[in-house]
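Worksheet: one structure, shown below.
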Number of protein chains: 2
Amino acid sequence: MAVYTDVPEDLLAEFVAGYDIGEVLAFKGIAEGVENSNYFLHAGGGYYILTLYEKRVDPGDLPFFLGLMDHLSAKGISCPTPVHARNGEALGELAGRPAAIHTFLDGMWIRKPRVDHCAALGTALAEMHLAGRDFALRRENALTVEHWPALFAQSSDRADGVMKGLSGIIERELDELGRRWPSGLPDGVIHADLFPDNVFFLRERLSGLIDFYFACNDLFAYDVAICLNAWCFETDLSFNVTKARALLNGYTTIRAFTSEEYAALPLLARGAALRFLLTRLYDWLTVPEDALVTPKDPIEYLKKLRFHQTVTSARDYGLD
Amino acid sequence: MAVYTDVPEDLLAEFVAGYDIGEVLAFKGIAEGVENSNYFLHAGGGYYILTLYEKRVDPGDLPFFLGLMDHLSAKGISCPTPVHARNGEALGELAGRPAAIHTFLDGMWIRKPRVDHCAALGTALAEMHLAGRDFALRRENALTVEHWPALFAQSSDRADGVMKGLSGIIERELDELGRRWPSGLPDGVIHADLFPDNVFFLRERLSGLIDFYFACNDLFAYDVAICLNAWCFETDLSFNVTKARALLNGYTTIRAFTSEEYAALPLLARGAALRFLLTRLYDWLTVPEDALVTPKDPIEYLKKLRFHQTVTSARDYGLD
């Protein structure tokens, strides 16, 4: 959570003048989003979020991300909708960075999700998967099974310094997942980062999904597996099977799992745990001393991985 | 600029339920304010700022600050107005901290103030001084001439490490200002920190003053002297006498200076420069390695101090 770029008021006024949203009335950096700078923007036409894309986002991916939000919004999925400038473009440039204005989405993320939140999440995820099926653009998942060995190579020599034996555990897991990773499962556009802070609720109802900057084409069930990791463990890292059942039932009510997806779920959940273990391990080892953002503990995801290693069938996640 | 405290949504809902502003619709930490945590709050009743007062603010001062904003608002000064809870109180507690909700003030602060902005600032400052005259509470200035020696004592042994000879310069200035500091000038409630980031403009008009957390009872002309330091130097630290004239003319149109205030202005401007030199020096030397906030360069205020030392009369500030 950080704002990286200060935007002078004259540049801002000039940028906003390219849109049909009236003049700027207020503008404040908000502490939301790690990869980008986000600002609350009050203009004559209403309330918006202005995002400046910082270095960690590849500008070449922005048409995919913004196009996806446009597409999903048009299909009735509640998410930030890019506002198009008078020249028709959703993507502009401000203060030397790619920039976009989105509609402001009411709602708050839930710090301690309950069973009903998990059910609503499952439903929304399946609806997003269905709504994305006819989206024209593609983006490969840059953080899936074939990229994990190279990602781990950047941390492997220091992994045992974080926890003794960690390097060997990860190598064995990379090996097994590499051999057993499923193919041929239903796929399409996935969110790939649908943690609780990316899901807004309002009056106990899910009000929208945000932060599509990891979205890509991959297995639908892998997206579900990411959510099992992100939503269904308690703070003591025990697995709450009631939450998992609610999430999976919420999902499969909208889009039924194939028998292959059922069978693959435990392995996909291991993969999802490993993916976040690897990126957190990398961030943990490379974060600069003066960083604004405290890196998240990678060992949390080792513990989740170990749980999934004990799972023998999707029944252990509460599915019948 | 930082948000220090994460507020869980259930505690927030409970807190907001004590006010007549409807239910919470959105809540985001904003990157504004160094001393406190500030949040953008959208509730059924409109848009607000929620402030959590962190350690650097003395809770005993909060009735003064909140009461002052109430008083000034009632007198027609545009500033954040505290929203009173149903129990009548403007000050509550949230997440273990004193907390208050204020009206949301449109406008943006000007990164590079021009002459017309300085004129508007002068007018608004004088209006604030007049409006505060019948405010019932008092708060002594904890950062004025008699406190500077003790403040400097916390940095004096390391001052020469920041700049060779700095310690001697400050000691001579403390001595001279201590001997010559004026008394008996018109006084009342001053803002004491009216830097450009605390003054909002909208459509080229001043739309409001914010951040009253240094406000106190002191000499009116000292508040003007702070503004001369904060608004009338260019980025190369040259003094722009046209801006100073505009500021002073804007001010004296609303509240005329006495002849004693005219005479004291150069000395008060030296005092104001020294006050910010001392606090910045302290912050510079004591900021922790992992601080979220980069300390501001104290030497900027040494250079401003040196300019004021060359000033022989208020005429050098553009006053006739």
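FYI, nothing fancy with the structure tokens labels: chains A, B, ... in order, residues from 1 per chain, ligands from 1 as they appear.
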For chain B against chain A, which residues fall within 7 Å using only C-alpha atoms, given as a list of chain:residue names?
->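 Selected residues: B:Pro8, B:Glu9, B:Leu25, B:Ala26, B:Phe27, B:Lys28, B:Gly29, B:Ile30, B:Ala31, B:Asp106, B:Gly107, B:Met108, B:Ile110, B:Arg111, B:Leu202, B:Asp290, B:Leu292.
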Do you know which residues are at most 12 Å from Gly60 of chain B counting only C-alpha atoms, after dropping those on the same chain fewer than 5 positions away, and could you put them as a compact mmCIF listing (two decimals) with C-alpha atoms, in the first residue's frame?
# COMPACT_ATOMS: atom_id res chain seq x y z
CA TYR B 53 -5.04 10.61 16.15
CA LYS B 55 0.87 9.16 19.21
CA PHE B 65 -8.43 21.60 17.79
CA LEU B 66 -11.92 20.21 17.16
CA LEU B 91 -14.34 13.21 19.59
CA PRO B 98 -9.02 9.09 19.57
CA ARG B 138 -6.67 28.56 24.76
CA ARG B 139 -3.63 26.55 23.80
CA TYR B 213 -3.13 20.44 14.71
Distance query Ala153 of chain A at most 10 Å, only C-alpha atoms, self and fewer than 5 positions along chain excluded, as a ChimeraX atom specification = /A:148,158-159,171,278,282
May I have the residues within 8 Å of segment 119-135 of chain A as a ChimeraX atom specification, using only C-alpha atoms and disregarding those fewer than 5 positions away in the same chain?
-> /A:68,71-72,75,77,188-190,199,205-206,220,224,243,246-255
Take the residues just selected and output them with C-alpha atoms as a JSON list (two decimals), in the first residue's frame.
[["chain", "number", "residue", "atom", "x", "y", "z"],
["A", 68, "LEU", "CA", -11.01, -7.11, -19.57],
["A", 71, "HIS", "CA", -15.67, -6.55, -21.08],
["A", 72, "LEU", "CA", -16.62, -7.84, -17.64],
["A", 75, "LYS", "CA", -21.38, -8.48, -19.01],
["A", 77, "ILE", "CA", -19.76, -8.18, -13.45],
["A", 188, "GLY", "CA", -10.27, -19.07, -19.84],
["A", 189, "VAL", "CA", -9.62, -15.71, -18.23],
["A", 190, "ILE", "CA", -8.83, -16.04, -14.52],
["A", 199, "VAL", "CA", -13.24, -8.39, -3.09],
["A", 205, "ARG", "CA", -23.38, -8.63, -0.14],
["A", 206, "LEU", "CA", -20.45, -8.90, -2.52],
["A", 220, "PHE", "CA", -10.49, -22.05, -14.14],
["A", 224, "VAL", "CA", -10.55, -21.63, -7.44],
["A", 243, "LYS", "CA", -15.59, -22.19, 4.30],
["A", 246, "ALA", "CA", -19.25, -22.85, 0.86],
["A", 247, "LEU", "CA", -16.77, -21.45, -1.66],
["A", 248, "LEU", "CA", -16.88, -24.56, -3.86],
["A", 249, "ASN", "CA", -20.66, -24.89, -3.64],
["A", 250, "GLY", "CA", -21.00, -21.20, -4.48],
["A", 251, "TYR", "CA", -18.78, -21.72, -7.49],
["A", 252, "THR", "CA", -20.23, -24.98, -8.81],
["A", 253, "THR", "CA", -23.79, -23.67, -8.55],
["A", 254, "ILE", "CA", -22.85, -21.30, -11.38],
["A", 255, "ARG", "CA", -20.30, -23.37, -13.26]]
So how many Å separate atom CA of Pro149 of chain B and atom CA of Thr286 of chain B, to one decimal?
->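 These two atoms are separated by 17.4 Å.
Our summary of the geometry notes that atom CA of Leu302 of chain B is positioned 25.6 Å from atom CA of Asn217 of chain B.
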Between atom CA of Tyr19 of chain A and atom CA of Asn87 of chain A, what is the distance, to one decimal in Å?
->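 So the answer is 8.4 Å.
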Alpha helix (DSSP H) positions in segment 88-258 of chain B, given as an MDAnalysis selection string = chainID B and resid 115:131 148:153 156:162 166:180 220:231 241:254
Distance criterion (only C-alpha atoms): nearest to Arg180 of chain A out of A:Ala264, A:Ala142, A:Ile101, A:Leu137 =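 Using only C-alpha atoms, Arg180 of chain A sits closest to A:Ala264.
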Residues within 12 Å of Gly161 of chain B, only C-alpha atoms, excluding chain neighbours under 5 positions, as a list in words =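 Within the cut-off, the hits are Ser155, Ser156, Leu166, Ser167, Leu281, Trp284 and Leu285 of chain B.
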Write the residues of the selection above to a file with N, CA and C atoms, as a compact mmCIF listing (two decimals), in the first residue's frame.
# COMPACT_ATOMS: atom_id res chain seq x y z
N SER B 155 19.48 18.42 19.61
CA SER B 155 20.20 18.19 18.35
C SER B 155 21.58 18.83 18.32
N SER B 156 21.87 19.69 19.32
CA SER B 156 23.03 20.59 19.20
C SER B 156 24.35 19.84 18.99
N LEU B 166 26.95 24.93 11.81
CA LEU B 166 25.50 25.13 12.01
C LEU B 166 25.17 25.40 13.48
N SER B 167 25.84 24.68 14.36
CA SER B 167 25.56 24.82 15.79
C SER B 167 25.78 26.26 16.25
N LEU B 281 15.68 19.87 11.78
CA LEU B 281 16.98 19.34 12.21
C LEU B 281 16.77 18.16 13.16
N TRP B 284 15.49 15.25 11.18
CA TRP B 284 16.57 14.76 10.33
C TRP B 284 17.51 13.84 11.10
N LEU B 285 17.78 14.22 12.36
CA LEU B 285 18.74 13.47 13.16
C LEU B 285 18.12 12.29 13.89
Identify which of the residues A:Met163, A:Leu12, A:Leu319, A:Gly178 lies closest to Glu146 of chain A, counting only C-alpha atoms when measuring atom-to-atom distances.
->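 Selected residue with least distance to Glu146 of chain A: A:Gly178.
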DSSP says strand (DSSP E or B) for which residues of segment 1-152 of chain B? Put them as an NGL selection string?
-> :B and (24-30 or 36-43 or 46-53 or 82 or 92-94 or 97-103 or 107-109 or 140)
